[in-house]
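Below you'll find the structure, written out as structure tokens, and then a few comments.
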Amino acid sequence: MINKSNEFIRRILDFPAIRPSETVSFSSLIASLIQLGQTICEYKSRTFFTNKKNVRSSIRLIEDILIVLKEIPSGVSRFAYSSILSLSEIHFIFQKFQFLLEDCSREDSRIWMLAKSEDVSCQFQMLARAVAVALDVLPLDEIDVSVEVKEVVEFVRNQAFKLKFDVEMDDRRMEGNVLKILDQLEDGIIPESSDLKRVLDYLGIRHWGECNRGVKFLDNEILLEGNTKEKRDMGILSSLMGFMIYCRGTLFEVLDNAATRQINGGSTNGDQVIRFLNLDDFRCPIALEIMSDPVTIASGHTYDRSSILKWFRAGNSTCPKTGERLMSIDLVPNLALKVLIKQYRSANGVLFVETARRNRDAAKSAATSSVANEQAMKLLASFLVGRLVAGTFEKQNKAALEIRLITKTSIFNRSCLVEAGAIPPLLNLITSRDSSCQENAMAALLNLSKNTKSKSIIVGNGGLFLILDVLKEGLKMEARQHAAGTLFYLTSVEEYRKMIGENPQFIPSLLELLRNGTDRGKKNALVTIFGLLMRPENHWRVIAAGLVPLVVNLLKSFEREDLITDSLAVLSTLSERLDGAMAVLYAEALPIIVNVLNSCNSRAAKEHCVSLLLALCINGGADAVPVLVKNSSVMGPLYSLLTEGNSKASKKASTLIRLLHEYNEKTYSSGLITPVFIEDQFINVW
């Protein structure tokens with residue numbers, strides 16, 4: 001059967017049908033054909049908003065073929081190979097019919113199916129002709145069927161040849177309306193609302209949630225199309241994305257229940273999948289960074305394209321992970337993993353290791369944007385800011401939500417909103433006593449704070465203190481974690497790191513979020529503290545506020561590896577100075593760090609552990625080195641990092657190993673202790 005539930009398996013209008021096995025029995029093949037045909041006929045009960053006539057004609061054709069199939073006797077094995085071959089071809093075509101009908105009935109792809117009406121009608125035509133050819137070569141004389149059945153076969157074959165699958169007049173007219181609106185958008189002309197509604201009504205898109213599903217579909221298609229060599233459909237996909245987002249932002253005043261579920265915790269198949277994955281699943285085994293363009297090689301292992309290409313160009317013809325010699329060095333794009341990585345980044349907020357890479361990806365996406373999309377975003381930005389300034393409370397909240405959504409991943413959209421003046425009215429909204437409005441406005445500001453110009457606008461309009469109020473007393477935990485995330489981006493400016501650090505309320509408020517927040521809130525608090533530590537004068541402030549024992553205690557309970565990694569990064573940065581190293585040692589963190597080094601699967605976490613242990617040995621040697629020398633479990637991971645880690649981690653591991661050796665030799669030569677042969681490994685010799 002065809003998997004219809006997993007949207008990551010197949011792109012729309014892509015039909016990966018599988019031919020039946022050559023060893024399939026005649027009876028099994030007939031039974032499978034009948035079942036597949038009946039499944040196709042059940043599509044009559046579905047709603048189709050485009051290609052209606054073509055759908056009806058194709059289902060009638062399948063129904064006629066089913067009449068023939070049910071008359072063929074099964075359970076007999078004497079039929080010739082040619083009969084099985086012809087019926088296998090029909091089975092192959094039936095699968096493609098089902099794929100095509102599935103695409104035509106998808107709720108989220110309606111605008112795309114309208115735009116691809118010409119291609120869709122051609123697909124119907126080709127499949128009908130293929131059925132006709134398969135019936136033409138079906139050796140009826142080998143099969144015990146009546147004369148009447150043979151006449152039906154002849155009739156169906158002729159019908160299949162004669163059937164005309166053209167773009168319907170209404171579809172063509174509505175497609176023309178869409179193109180007209182796109183032309184208006186390209187010219188910076190505001191389309192008439194009645195024209196927009198006419199298109200959406202034709203497609204049955206009558207609620208915000210339905211429109212939003214269409215936007216998500218197009219976003220996913222753009223991601224997949226961007227991974228193809230031709231990028232043939234990128235322009236029209238981008239234009240349709242601008243069209244749908246503009247419609248979503250301007251036409252729908254009220255969020256339906258489905259929309260509320262989509263925003264507030266409604267999960268997609270992809271969301272359910274990523275719950276069982278962690279950040280390490282997305283790292284390239286070579287570069288140890290989150291992959292931006294994952295590809296799979298002949299061994300079945302996946303690497304980032306740039307890393308594996310560098311490996312091959314160096315003259316290697318083996319799999320880096322297994323050492324297996326490869327018969328081919330072809331690279332196959334892992335589109336499913338690429339989509340999951342994008343969703344993971346979106347779902348888990350700020351990742352300070354991957355920030356630069358994500359910005360590069362967003363810039364690449366912006367480069368493929370169409371003129372219609374860009375102009376639509378400029379017009380929408382002006383519209384939404386107008387709603388923020390002069391709209392009713394409900395319209396202001398809705399505008400803040402739309403800004404929150406369109407600025408989440410797009411650099412260009414953020415720039416449009418900043419230029420349109422969105423930040424001051426959003427700052428006013430975060431003082432709202434409505435929890436939904438405050439959350440939407442704060443999330444929108446978080447996204448906008450990634451823009452270079454926005455930081456000075458936020459601070460210049462008194463935003464720091466307004467954000468502090470949300471961080472301390474936000475009506476929902478989500479608003480508080482968005483406030484912490486916004487502060488993280490502000491800490492990228494030295495002047496603001498100083499202002500935030502010197503204010504006595506910011507650091508304690510971040511620690512409170514770290515203590516009692518959700519995992520997302522704790523993460524945002526950690527990365528913001530990490531940003532503050534880029535200014536050395538803030539080190540003593542976070543130590544005095546009690547950060548170190550709090551983080552050390554949390555390390556014992558964290559299950560998410562990204563939180564462990566971020567905690568270790570903060571402790572490692574603090575330990576680079578004497579006061580920070582002593583605070584970490586006094587918090588009895590050493591055994592916890594060693595335990596993480598031995599048990600954590602994340603290479604990034606292991607590398608932070610090595611950096612932290614090295615800093616502790618250098619700045620608090622008397623308290624750290626003897627403990628590590630006596631703990632033989634430290635050496636295994638250190639030697640492993642010499643070969644598996646990046647060059648920086650390898651150097652630190654080598655330095656730490658040498659330091660521990662020198663201490664061991666020094667204490668032995670002085671006669672103070674019995675030597676500990678920390679490098680020895682026991683080997684059985686026969």
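Ligands are numbered from 1 in the order shown, chains are lettered A, B, ... in the order of the structure tokens, and residues start at 1 in each chain.
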Leaving out segment 553-561 of chain A and any residue of its chain fewer than 2 positions from it, which residues lie within 10 Å of it when counting only C-alpha atoms, given as a PyMOL selection string? chain A and resi 277-280+514-515+519+522+548-551+563-568+587-589+592-593+595-596+600-605
As a PyMOL selection string, please: every residue in segment 353-564 of chain A that a backbone DSSP assignment puts in helix (DSSP H, G or I). chain A and resi 355-367+371-390+393-406+411-420+423-429+435-448+454-460+463-473+477-490+494-502+506-516+519-532+536-544+547-557+561-564
Spatial neighbours of Ile245 of chain A, max dist 9 Å, only C-alpha atoms, sep filter under 5 positions, as a list in words: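 Within the cut-off, the hits are Cys211, Asn212, Val215, Leu240, Thr250, Ala376, Met377, Leu380, Glu402 and Ile406 of chain A.
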For N, CA and C atoms, I'd like the residues from the last selection saved as a PDB file, in the first residue's frame.
```pdb
ATOM      1  N   CYS A 211      -5.625  28.580   5.494  1.00  0.00           N
ATOM      2  CA  CYS A 211      -4.641  29.402   4.779  1.00  0.00           C
ATOM      3  C   CYS A 211      -3.242  29.146   5.323  1.00  0.00           C
ATOM      4  N   ASN A 212      -3.127  29.017   6.624  1.00  0.00           N
ATOM      5  CA  ASN A 212      -1.826  28.776   7.244  1.00  0.00           C
ATOM      6  C   ASN A 212      -1.258  27.425   6.844  1.00  0.00           C
ATOM      7  N   VAL A 215       0.373  27.885   3.599  1.00  0.00           N
ATOM      8  CA  VAL A 215       1.665  28.555   3.741  1.00  0.00           C
ATOM      9  C   VAL A 215       2.738  27.552   4.152  1.00  0.00           C
ATOM     10  N   LEU A 240       3.833  32.435  -4.874  1.00  0.00           N
ATOM     11  CA  LEU A 240       2.608  31.936  -4.244  1.00  0.00           C
ATOM     12  C   LEU A 240       2.697  32.022  -2.727  1.00  0.00           C
ATOM     13  N   THR A 250      -4.107  39.722   5.810  1.00  0.00           N
ATOM     14  CA  THR A 250      -5.030  40.835   5.551  1.00  0.00           C
ATOM     15  C   THR A 250      -6.504  40.445   5.508  1.00  0.00           C
ATOM     16  N   ALA A 376       5.072  41.728  -1.782  1.00  0.00           N
ATOM     17  CA  ALA A 376       3.944  41.345  -0.919  1.00  0.00           C
ATOM     18  C   ALA A 376       4.307  41.545   0.546  1.00  0.00           C
ATOM     19  N   MET A 377       5.554  41.203   0.920  1.00  0.00           N
ATOM     20  CA  MET A 377       5.980  41.360   2.309  1.00  0.00           C
ATOM     21  C   MET A 377       6.086  42.833   2.702  1.00  0.00           C
ATOM     22  N   LEU A 380       2.512  43.978   3.123  1.00  0.00           N
ATOM     23  CA  LEU A 380       1.951  43.384   4.337  1.00  0.00           C
ATOM     24  C   LEU A 380       2.549  44.043   5.579  1.00  0.00           C
ATOM     25  N   GLU A 402       0.786  37.788  13.319  1.00  0.00           N
ATOM     26  CA  GLU A 402       1.280  37.663  11.944  1.00  0.00           C
ATOM     27  C   GLU A 402       2.750  38.064  11.859  1.00  0.00           C
ATOM     28  N   ILE A 406       5.784  35.681  10.375  1.00  0.00           N
ATOM     29  CA  ILE A 406       6.524  35.950   9.143  1.00  0.00           C
ATOM     30  C   ILE A 406       7.973  36.361   9.404  1.00  0.00           C
TER      31      ILE A 406
END
```
Leu140 of chain A surroundings by only C-alpha atoms, 12 Å radius, close-in-sequence under 2 positions cut, as a PDB file with N, CA, C and O atoms, in the first residue's frame:
```
ATOM      1  N   VAL A  68     -13.575  -5.683 -15.257  1.00  0.00           N
ATOM      2  CA  VAL A  68     -12.809  -6.724 -15.947  1.00  0.00           C
ATOM      3  C   VAL A  68     -12.013  -7.560 -14.957  1.00  0.00           C
ATOM      4  O   VAL A  68     -12.012  -8.798 -15.016  1.00  0.00           O
ATOM      5  N   LEU A  69     -11.331  -6.900 -14.038  1.00  0.00           N
ATOM      6  CA  LEU A  69     -10.475  -7.618 -13.098  1.00  0.00           C
ATOM      7  C   LEU A  69     -11.259  -8.605 -12.249  1.00  0.00           C
ATOM      8  O   LEU A  69     -10.775  -9.708 -11.943  1.00  0.00           O
ATOM      9  N   GLU A  71     -13.766 -10.273 -13.120  1.00  0.00           N
ATOM     10  CA  GLU A  71     -14.203 -11.406 -13.936  1.00  0.00           C
ATOM     11  C   GLU A  71     -13.067 -12.374 -14.252  1.00  0.00           C
ATOM     12  O   GLU A  71     -13.305 -13.463 -14.787  1.00  0.00           O
ATOM     13  N   ILE A  72     -11.844 -11.974 -13.960  1.00  0.00           N
ATOM     14  CA  ILE A  72     -10.709 -12.858 -14.229  1.00  0.00           C
ATOM     15  C   ILE A  72     -10.607 -13.886 -13.113  1.00  0.00           C
ATOM     16  O   ILE A  72     -10.526 -13.538 -11.938  1.00  0.00           O
ATOM     17  N   PRO A  73     -10.612 -15.170 -13.447  1.00  0.00           N
ATOM     18  CA  PRO A  73     -10.531 -16.202 -12.400  1.00  0.00           C
ATOM     19  C   PRO A  73      -9.165 -16.177 -11.727  1.00  0.00           C
ATOM     20  O   PRO A  73      -8.133 -15.997 -12.374  1.00  0.00           O
ATOM     21  N   PHE A  79      -1.437 -19.489 -15.902  1.00  0.00           N
ATOM     22  CA  PHE A  79      -1.377 -18.356 -16.806  1.00  0.00           C
ATOM     23  C   PHE A  79       0.067 -18.024 -17.165  1.00  0.00           C
ATOM     24  O   PHE A  79       0.981 -18.134 -16.353  1.00  0.00           O
ATOM     25  N   ALA A  80       0.260 -17.592 -18.382  1.00  0.00           N
ATOM     26  CA  ALA A  80       1.598 -17.355 -18.906  1.00  0.00           C
ATOM     27  C   ALA A  80       2.222 -16.114 -18.283  1.00  0.00           C
ATOM     28  O   ALA A  80       1.539 -15.250 -17.718  1.00  0.00           O
ATOM     29  N   SER A  82       3.434 -13.602 -19.753  1.00  0.00           N
ATOM     30  CA  SER A  82       3.003 -12.363 -20.400  1.00  0.00           C
ATOM     31  C   SER A  82       1.761 -11.781 -19.744  1.00  0.00           C
ATOM     32  O   SER A  82       1.602 -10.559 -19.677  1.00  0.00           O
ATOM     33  N   SER A  83       0.873 -12.626 -19.233  1.00  0.00           N
ATOM     34  CA  SER A  83      -0.331 -12.139 -18.542  1.00  0.00           C
ATOM     35  C   SER A  83       0.050 -11.427 -17.246  1.00  0.00           C
ATOM     36  O   SER A  83      -0.460 -10.345 -16.938  1.00  0.00           O
ATOM     37  N   ILE A  84       0.945 -12.055 -16.491  1.00  0.00           N
ATOM     38  CA  ILE A  84       1.394 -11.450 -15.231  1.00  0.00           C
ATOM     39  C   ILE A  84       2.112 -10.134 -15.508  1.00  0.00           C
ATOM     40  O   ILE A  84       1.945  -9.143 -14.788  1.00  0.00           O
ATOM     41  N   SER A  86       1.633  -8.006 -18.014  1.00  0.00           N
ATOM     42  CA  SER A  86       0.673  -6.956 -18.371  1.00  0.00           C
ATOM     43  C   SER A  86      -0.080  -6.459 -17.143  1.00  0.00           C
ATOM     44  O   SER A  86      -0.277  -5.254 -16.958  1.00  0.00           O
ATOM     45  N   LEU A  87      -0.510  -7.386 -16.294  1.00  0.00           N
ATOM     46  CA  LEU A  87      -1.253  -6.996 -15.096  1.00  0.00           C
ATOM     47  C   LEU A  87      -0.352  -6.269 -14.097  1.00  0.00           C
ATOM     48  O   LEU A  87      -0.807  -5.377 -13.368  1.00  0.00           O
ATOM     49  N   ALA A 134      -1.406  -0.958 -21.763  1.00  0.00           N
ATOM     50  CA  ALA A 134      -1.335  -2.187 -20.972  1.00  0.00           C
ATOM     51  C   ALA A 134      -2.507  -3.111 -21.288  1.00  0.00           C
ATOM     52  O   ALA A 134      -2.350  -4.338 -21.362  1.00  0.00           O
ATOM     53  N   LEU A 135      -3.692  -2.540 -21.490  1.00  0.00           N
ATOM     54  CA  LEU A 135      -4.857  -3.357 -21.844  1.00  0.00           C
ATOM     55  C   LEU A 135      -4.718  -3.912 -23.263  1.00  0.00           C
ATOM     56  O   LEU A 135      -5.179  -5.023 -23.559  1.00  0.00           O
ATOM     57  N   ASP A 136      -4.093  -3.142 -24.112  1.00  0.00           N
ATOM     58  CA  ASP A 136      -3.942  -3.568 -25.508  1.00  0.00           C
ATOM     59  C   ASP A 136      -3.069  -4.813 -25.624  1.00  0.00           C
ATOM     60  O   ASP A 136      -3.284  -5.665 -26.494  1.00  0.00           O
ATOM     61  N   VAL A 137      -2.059  -4.919 -24.770  1.00  0.00           N
ATOM     62  CA  VAL A 137      -1.158  -6.074 -24.839  1.00  0.00           C
ATOM     63  C   VAL A 137      -1.546  -7.176 -23.857  1.00  0.00           C
ATOM     64  O   VAL A 137      -0.846  -8.185 -23.764  1.00  0.00           O
ATOM     65  N   LEU A 138      -2.649  -6.997 -23.137  1.00  0.00           N
ATOM     66  CA  LEU A 138      -3.098  -8.027 -22.205  1.00  0.00           C
ATOM     67  C   LEU A 138      -3.567  -9.250 -22.994  1.00  0.00           C
ATOM     68  O   LEU A 138      -4.524  -9.167 -23.772  1.00  0.00           O
ATOM     69  N   GLU A 142      -5.098 -16.096 -23.129  1.00  0.00           N
ATOM     70  CA  GLU A 142      -4.484 -16.948 -22.112  1.00  0.00           C
ATOM     71  C   GLU A 142      -5.324 -17.009 -20.843  1.00  0.00           C
ATOM     72  O   GLU A 142      -5.063 -17.827 -19.962  1.00  0.00           O
ATOM     73  N   ILE A 143      -6.287 -16.099 -20.730  1.00  0.00           N
ATOM     74  CA  ILE A 143      -7.084 -15.993 -19.511  1.00  0.00           C
ATOM     75  C   ILE A 143      -8.502 -16.470 -19.806  1.00  0.00           C
ATOM     76  O   ILE A 143      -9.101 -16.115 -20.822  1.00  0.00           O
ATOM     77  N   ASP A 144      -9.054 -17.271 -18.914  1.00  0.00           N
ATOM     78  CA  ASP A 144     -10.402 -17.816 -19.113  1.00  0.00           C
ATOM     79  C   ASP A 144     -11.455 -16.767 -18.785  1.00  0.00           C
ATOM     80  O   ASP A 144     -11.970 -16.700 -17.665  1.00  0.00           O
ATOM     81  N   VAL A 145     -11.749 -15.909 -19.752  1.00  0.00           N
ATOM     82  CA  VAL A 145     -12.800 -14.913 -19.570  1.00  0.00           C
ATOM     83  C   VAL A 145     -13.796 -15.048 -20.711  1.00  0.00           C
ATOM     84  O   VAL A 145     -13.481 -15.548 -21.798  1.00  0.00           O
ATOM     85  N   SER A 146     -14.983 -14.558 -20.469  1.00  0.00           N
ATOM     86  CA  SER A 146     -16.055 -14.672 -21.462  1.00  0.00           C
ATOM     87  C   SER A 146     -15.853 -13.690 -22.601  1.00  0.00           C
ATOM     88  O   SER A 146     -15.055 -12.749 -22.511  1.00  0.00           O
ATOM     89  N   VAL A 147     -16.625 -13.901 -23.651  1.00  0.00           N
ATOM     90  CA  VAL A 147     -16.590 -12.994 -24.788  1.00  0.00           C
ATOM     91  C   VAL A 147     -17.031 -11.605 -24.366  1.00  0.00           C
ATOM     92  O   VAL A 147     -16.487 -10.590 -24.823  1.00  0.00           O
ATOM     93  N   GLU A 148     -18.028 -11.562 -23.465  1.00  0.00           N
ATOM     94  CA  GLU A 148     -18.523 -10.267 -23.001  1.00  0.00           C
ATOM     95  C   GLU A 148     -17.421  -9.475 -22.302  1.00  0.00           C
ATOM     96  O   GLU A 148     -17.300  -8.254 -22.486  1.00  0.00           O
ATOM     97  N   VAL A 149     -16.591 -10.172 -21.501  1.00  0.00           N
ATOM     98  CA  VAL A 149     -15.507  -9.492 -20.791  1.00  0.00           C
ATOM     99  C   VAL A 149     -14.484  -8.958 -21.785  1.00  0.00           C
ATOM    100  O   VAL A 149     -13.969  -7.840 -21.645  1.00  0.00           O
ATOM    101  N   LYS A 150     -14.211  -9.767 -22.829  1.00  0.00           N
ATOM    102  CA  LYS A 150     -13.271  -9.299 -23.850  1.00  0.00           C
ATOM    103  C   LYS A 150     -13.798  -8.046 -24.539  1.00  0.00           C
ATOM    104  O   LYS A 150     -13.025  -7.129 -24.863  1.00  0.00           O
ATOM    105  N   GLU A 151     -15.109  -7.996 -24.725  1.00  0.00           N
ATOM    106  CA  GLU A 151     -15.697  -6.812 -25.354  1.00  0.00           C
ATOM    107  C   GLU A 151     -15.587  -5.603 -24.429  1.00  0.00           C
ATOM    108  O   GLU A 151     -15.343  -4.474 -24.890  1.00  0.00           O
ATOM    109  N   VAL A 152     -15.749  -5.843 -23.116  1.00  0.00           N
ATOM    110  CA  VAL A 152     -15.600  -4.751 -22.152  1.00  0.00           C
ATOM    111  C   VAL A 152     -14.163  -4.230 -22.162  1.00  0.00           C
ATOM    112  O   VAL A 152     -13.917  -3.017 -22.120  1.00  0.00           O
ATOM    113  N   VAL A 153     -13.191  -5.147 -22.221  1.00  0.00           N
ATOM    114  CA  VAL A 153     -11.785  -4.744 -22.266  1.00  0.00           C
ATOM    115  C   VAL A 153     -11.523  -3.866 -23.488  1.00  0.00           C
ATOM    116  O   VAL A 153     -10.854  -2.830 -23.409  1.00  0.00           O
ATOM    117  N   GLU A 154     -12.066  -4.300 -24.628  1.00  0.00           N
ATOM    118  CA  GLU A 154     -11.883  -3.528 -25.849  1.00  0.00           C
ATOM    119  C   GLU A 154     -12.510  -2.145 -25.725  1.00  0.00           C
ATOM    120  O   GLU A 154     -11.928  -1.138 -26.150  1.00  0.00           O
TER     121      GLU A 154
END
```
Point out the residue among A:Gly421, A:Pro536, A:Gly636, A:Gly580 with the least atom-to-atom distance to Val594 of chain A, counting only C-alpha atoms. A:Gly636
Can you tell me how far atom CA of Glu419 of chain A sits from atom CA of Glu494 of chain A, in Å to one decimal? 23.6 Å
Neighbour list for segment 220-228 of chain A as a VMD selection string, cut-off 9 Å, only C-alpha atoms, skip fewer than 3 positions in-chain: chain A and resid 11 to 12 215 to 217 231 to 234 237 to 238 241 293 333 335 338 to 339 365 368
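Across the model, the gap from atom CA of Ser117 of chain A to atom CA of Ile59 of chain A is 17.8 Å.
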Rank A:Leu203, A:Leu475, A:Ala160, A:Met582 by their smallest atom-to-atom distance to Arg129 of chain A, using only C-alpha atoms, and report the top residue only.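 For Arg129 of chain A, the nearest of the candidates is A:Ala160.
Excluding Ser435 of chain A itself and same-chain residues fewer than 2 positions from it, the residues having an atom within 7 Å of it are A:Arg433, A:Cys437, A:Gln438, A:Glu439, A:Leu475, A:Lys476, counting only C-alpha atoms.
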8 Å contact set for Phe97 of chain A, only C-alpha atoms, chain neighbours under 3 positions out, as an mmCIF file with N, CA and C atoms, in the first residue's frame:
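Output saved as result19.cif:
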```cif
data_model
loop_
_atom_site.group_PDB
_atom_site.id
_atom_site.type_symbol
_atom_site.label_atom_id
_atom_site.label_comp_id
_atom_site.auth_asym_id
_atom_site.auth_seq_id
_atom_site.Cartn_x
_atom_site.Cartn_y
_atom_site.Cartn_z
ATOM 1 N N ILE A 40 -8.804 3.394 -4.959
ATOM 2 C CA ILE A 40 -8.856 4.560 -5.841
ATOM 3 C C ILE A 40 -10.295 5.041 -6.005
ATOM 4 N N ILE A 93 0.617 1.354 -12.792
ATOM 5 C CA ILE A 93 -0.114 2.563 -13.199
ATOM 6 C C ILE A 93 -1.159 2.942 -12.159
ATOM 7 N N PHE A 94 -1.846 1.944 -11.594
ATOM 8 C CA PHE A 94 -2.834 2.211 -10.544
ATOM 9 C C PHE A 94 -2.195 2.954 -9.373
ATOM 10 N N LEU A 100 -1.551 10.534 -7.650
ATOM 11 C CA LEU A 100 -2.046 11.761 -8.276
ATOM 12 C C LEU A 100 -3.347 12.227 -7.633
ATOM 13 N N LEU A 101 -4.250 11.296 -7.361
ATOM 14 C CA LEU A 101 -5.518 11.650 -6.708
ATOM 15 C C LEU A 101 -5.275 12.133 -5.284
ATOM 16 N N PHE A 124 -2.587 13.038 -15.849
ATOM 17 C CA PHE A 124 -3.788 12.221 -16.057
ATOM 18 C C PHE A 124 -3.796 11.627 -17.465
ATOM 19 N N LEU A 127 -1.213 8.752 -17.838
ATOM 20 C CA LEU A 127 -1.607 7.533 -17.136
ATOM 21 C C LEU A 127 -2.738 6.818 -17.862
#
```
With distances taken over only C-alpha atoms, which of A:His539, A:His482, A:Glu22, A:Glu502 is nearest to Lys523 of chain A? A:His482
